[in-house]
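Q: Pasting a structure here, questions to come.
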Amino acid sequence: MEEFILMCQRLHQIKIVCSHEPEPLGTAGPIAFAKDFLQTAEPFFVFNADIACAFPLADLVAFHKRHGCEGSLFVTKVEEPSRYGVVIYEPSGKVQRFAHRPKQYTGNSINAGIYLFNPSVLARIPAQPTSMEKEIFPLMAQEEQLYCMPLSGFWMDVGSPKNHLLCIGPYLKHLRNTDPSALSTHPAVHGDVLMHESVKVGEGCVIGPNVIIGPDCEIEDGVKLEGATLMQGAHVRKHSYVLNSIIGWRSTVGQWVRVENVTVLGEHVELADEIYVNGGLVLPHKKITTSVAEPRIIM
């Protein structure tokens, strides 16, 4: 993680500060814990880390300035709102109520997990375990200090490996529409694929659709990848097939291996030749020499 943060700092020419909470502080407490970094003259963003979308942040900034109140958030519509926090609001965007995971249907516009706050919100949040959705937002709505804006484009919860893999397609479609030059044009590619320029690809491979491949990966001859993510340094040997799975950092898939059904390999995992892995969740630094016929955790 430290290596990744340093890389991001260099790439984007920014400074990243990690605020490590001594105990779980909920969804609001960490904001109070990091208040020394947030007490500025400008509003600040807060993001849930398990979402993916187009992040039209400039639109939220303009909206926040127009209404002039303390907080703004994006909302998005979903088919199963009971899993999230439902937002009931006026046509102007003023939030009337905030229902956290309601048992009865109250609407399908949910909190999208992207907020913009004035620094004054810090006075509302105690430095202790606190819920933004259950404790802070209802008070802000009651005082008419919370507005919401519908989020344009795709939105997905990526808080699990399955959801991460489901998100690849919408995300790459978004890139196709907004930045098509970011997608790979390698001869082995079929459909939308995001592949780092350092990746080595052998002969006769089929890559895609909906594949993301990180730096320094190696894909040998005859490999097929579909609906998959390969993390940095992953190696897939000859004639293997990876479907709807995640291959972790510096992990190796042997020859003539089939990996599918939301299999997740942790860092530096090795799969032996000629095995089948079906929905295996493999912890780091393991060597798997026999097939995994049914989904299970391998410690």
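Identifiers in this document derive from the order of the structure tokens: chains are assigned A, B, ..., residues are numbered from 1 separately in each chain, and ligands are numbered from 1 in order of occurrence.
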Within segment 32-115 of chain A, find each residue whose DSSP state, derived from the backbone, is strand (DSSP E), and express the selection as a PyMOL selection string.
A: chain A and resi 44-47+51-53+71-77+85-89+95-100+109-115
Q: Would you please work out which residue, of A:Gly191, A:Gly279, A:Gly233, A:Gly227, is nearest to His164 of chain A when using only C-alpha atoms?
A: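 Among the listed residues, the smallest separation from His164 of chain A belongs to A:Gly227.
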Q: So which one's closest to Glu226 of chain A, A:Lys238, A:Lys200, A:His190, A:Lys94? Using only C-alpha atoms, please.
A: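 With only C-alpha atoms as the atom set, the closest residue is A:His190.
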Q: List every residue of segment 173-291 of chain A that DSSP, applied to the backbone of this structure, places in alpha helix (DSSP H), and write the result as a PyMOL selection string.
A: chain A and resi 173-178
Q: Could you dump the residues just selected with all heavy atoms as a compact mmCIF listing (two decimals), in the first residue's frame?
A:
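In the end it all went to selection_11.txt:
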```
# COMPACT_ATOMS: atom_id res chain seq x y z
N LYS A 173 -17.09 0.77 -20.59
CA LYS A 173 -18.02 1.44 -21.50
C LYS A 173 -17.95 2.96 -21.32
O LYS A 173 -17.98 3.72 -22.30
CB LYS A 173 -19.44 0.95 -21.27
CG LYS A 173 -20.46 1.56 -22.21
CD LYS A 173 -21.86 1.02 -21.94
CE LYS A 173 -22.89 1.66 -22.87
NZ LYS A 173 -24.26 1.14 -22.58
N HIS A 174 -17.84 3.38 -20.06
CA HIS A 174 -17.68 4.81 -19.77
C HIS A 174 -16.40 5.35 -20.42
O HIS A 174 -16.41 6.42 -21.04
CB HIS A 174 -17.64 5.02 -18.26
CG HIS A 174 -17.16 6.37 -17.83
ND1 HIS A 174 -17.90 7.52 -18.02
CD2 HIS A 174 -15.99 6.76 -17.25
CE1 HIS A 174 -17.22 8.56 -17.57
NE2 HIS A 174 -16.06 8.13 -17.09
N LEU A 175 -15.30 4.59 -20.31
CA LEU A 175 -14.06 5.02 -20.97
C LEU A 175 -14.23 5.05 -22.48
O LEU A 175 -13.70 5.96 -23.14
CB LEU A 175 -12.91 4.07 -20.60
CG LEU A 175 -12.25 4.25 -19.25
CD1 LEU A 175 -11.07 3.29 -19.12
CD2 LEU A 175 -11.78 5.68 -19.02
N ARG A 176 -14.93 4.08 -23.03
CA ARG A 176 -15.17 4.06 -24.47
C ARG A 176 -15.85 5.34 -24.93
O ARG A 176 -15.55 5.89 -26.00
CB ARG A 176 -16.01 2.83 -24.83
CG ARG A 176 -16.53 2.77 -26.25
CD ARG A 176 -15.44 2.47 -27.25
NE ARG A 176 -14.83 1.16 -27.05
CZ ARG A 176 -13.75 0.77 -27.70
NH1 ARG A 176 -13.15 1.57 -28.57
NH2 ARG A 176 -13.24 -0.44 -27.46
N ASN A 177 -16.76 5.86 -24.10
CA ASN A 177 -17.52 7.06 -24.47
C ASN A 177 -16.79 8.35 -24.17
O ASN A 177 -17.06 9.38 -24.81
CB ASN A 177 -18.87 7.05 -23.75
CG ASN A 177 -19.78 5.93 -24.20
OD1 ASN A 177 -19.70 5.50 -25.36
ND2 ASN A 177 -20.64 5.46 -23.32
N THR A 178 -15.89 8.33 -23.19
CA THR A 178 -15.26 9.59 -22.75
C THR A 178 -13.78 9.69 -23.08
O THR A 178 -13.26 10.78 -23.28
CB THR A 178 -15.44 9.76 -21.23
OG1 THR A 178 -14.83 8.65 -20.55
CG2 THR A 178 -16.92 9.83 -20.87
```
Q: As an exercise, work out the distance from atom CA of Pro170 of chain A to atom CA of Val75 of chain A in Å and give it to one decimal place.
A: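 Between atom CA of Pro170 of chain A and atom CA of Val75 of chain A the gap works out to 18.0 Å.
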Q: By how many Å are atom CA of Gly93 of chain A and atom CA of Leu73 of chain A apart?
A: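 Answer for the atom CA of Gly93 of chain A to atom CA of Leu73 of chain A separation: 9.7 Å.
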Q: Please list as an MDAnalysis selection string every residue within 9 Å of His20 of chain A, counting only C-alpha atoms and excluding residues in the same chain fewer than 5 positions away.
A: chainID A and resid 30 33:34
Q: I want to know what sits within 12 Å of Glu294 of chain A, based on only C-alpha atoms, with residues of the same chain fewer than 4 positions away left out; could you give that as a PyMOL selection string?
A: chain A and resi 259-263+276-281+298
Q: Closest to Asp157 of chain A among A:Val121, A:Ala293, A:Ala228, A:Ala112, using only C-alpha atoms?
A: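 Of all the options, A:Ala112 lies closest to Asp157 of chain A.
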Q: Fewer than 5 positions away in the same chain doesn't count, so skip those; otherwise give me all residues within 10 Å of Asp221 of chain A, counting only C-alpha atoms, as a list in words.
A: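 The filter keeps Val201, Gly202, Glu203, Gly204, Cys205, Val206, Val236, Arg237, Lys238, His239, Ser240 and Gln255 of chain A.
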Q: Can you tell me, as a list in words, what residues are no more than 8 Å from Pro56 of chain A when counting only C-alpha atoms, ignoring any on the same chain fewer than 2 positions away?
A: Ala54, Ala58, Asp59, Leu60, Leu151 and Ser152 of chain A
Q: Could you give me, as a list in words, the residues within 6 Å of Ile207 of chain A, counting only C-alpha atoms and dropping anything in the same chain fewer than 3 positions from it?
A: Ala188, Val189, His190, Lys224 and Leu225 of chain A
Q: Given the choices A:Asn48, A:Thr290, A:Ser245, A:Thr130, which gets closest to Pro161 of chain A if the distance is worked out from only C-alpha atoms?
A: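 Residue with the minimum atom-to-atom distance to Pro161 of chain A: A:Ser245.
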Q: Have a look at A:Ala234, A:Ile297, A:Met7, A:Ala127 and name the one nearest to Glu23 of chain A; count only C-alpha atoms.
A: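 That would be A:Ala127, the residue with the smallest distance to Glu23 of chain A.
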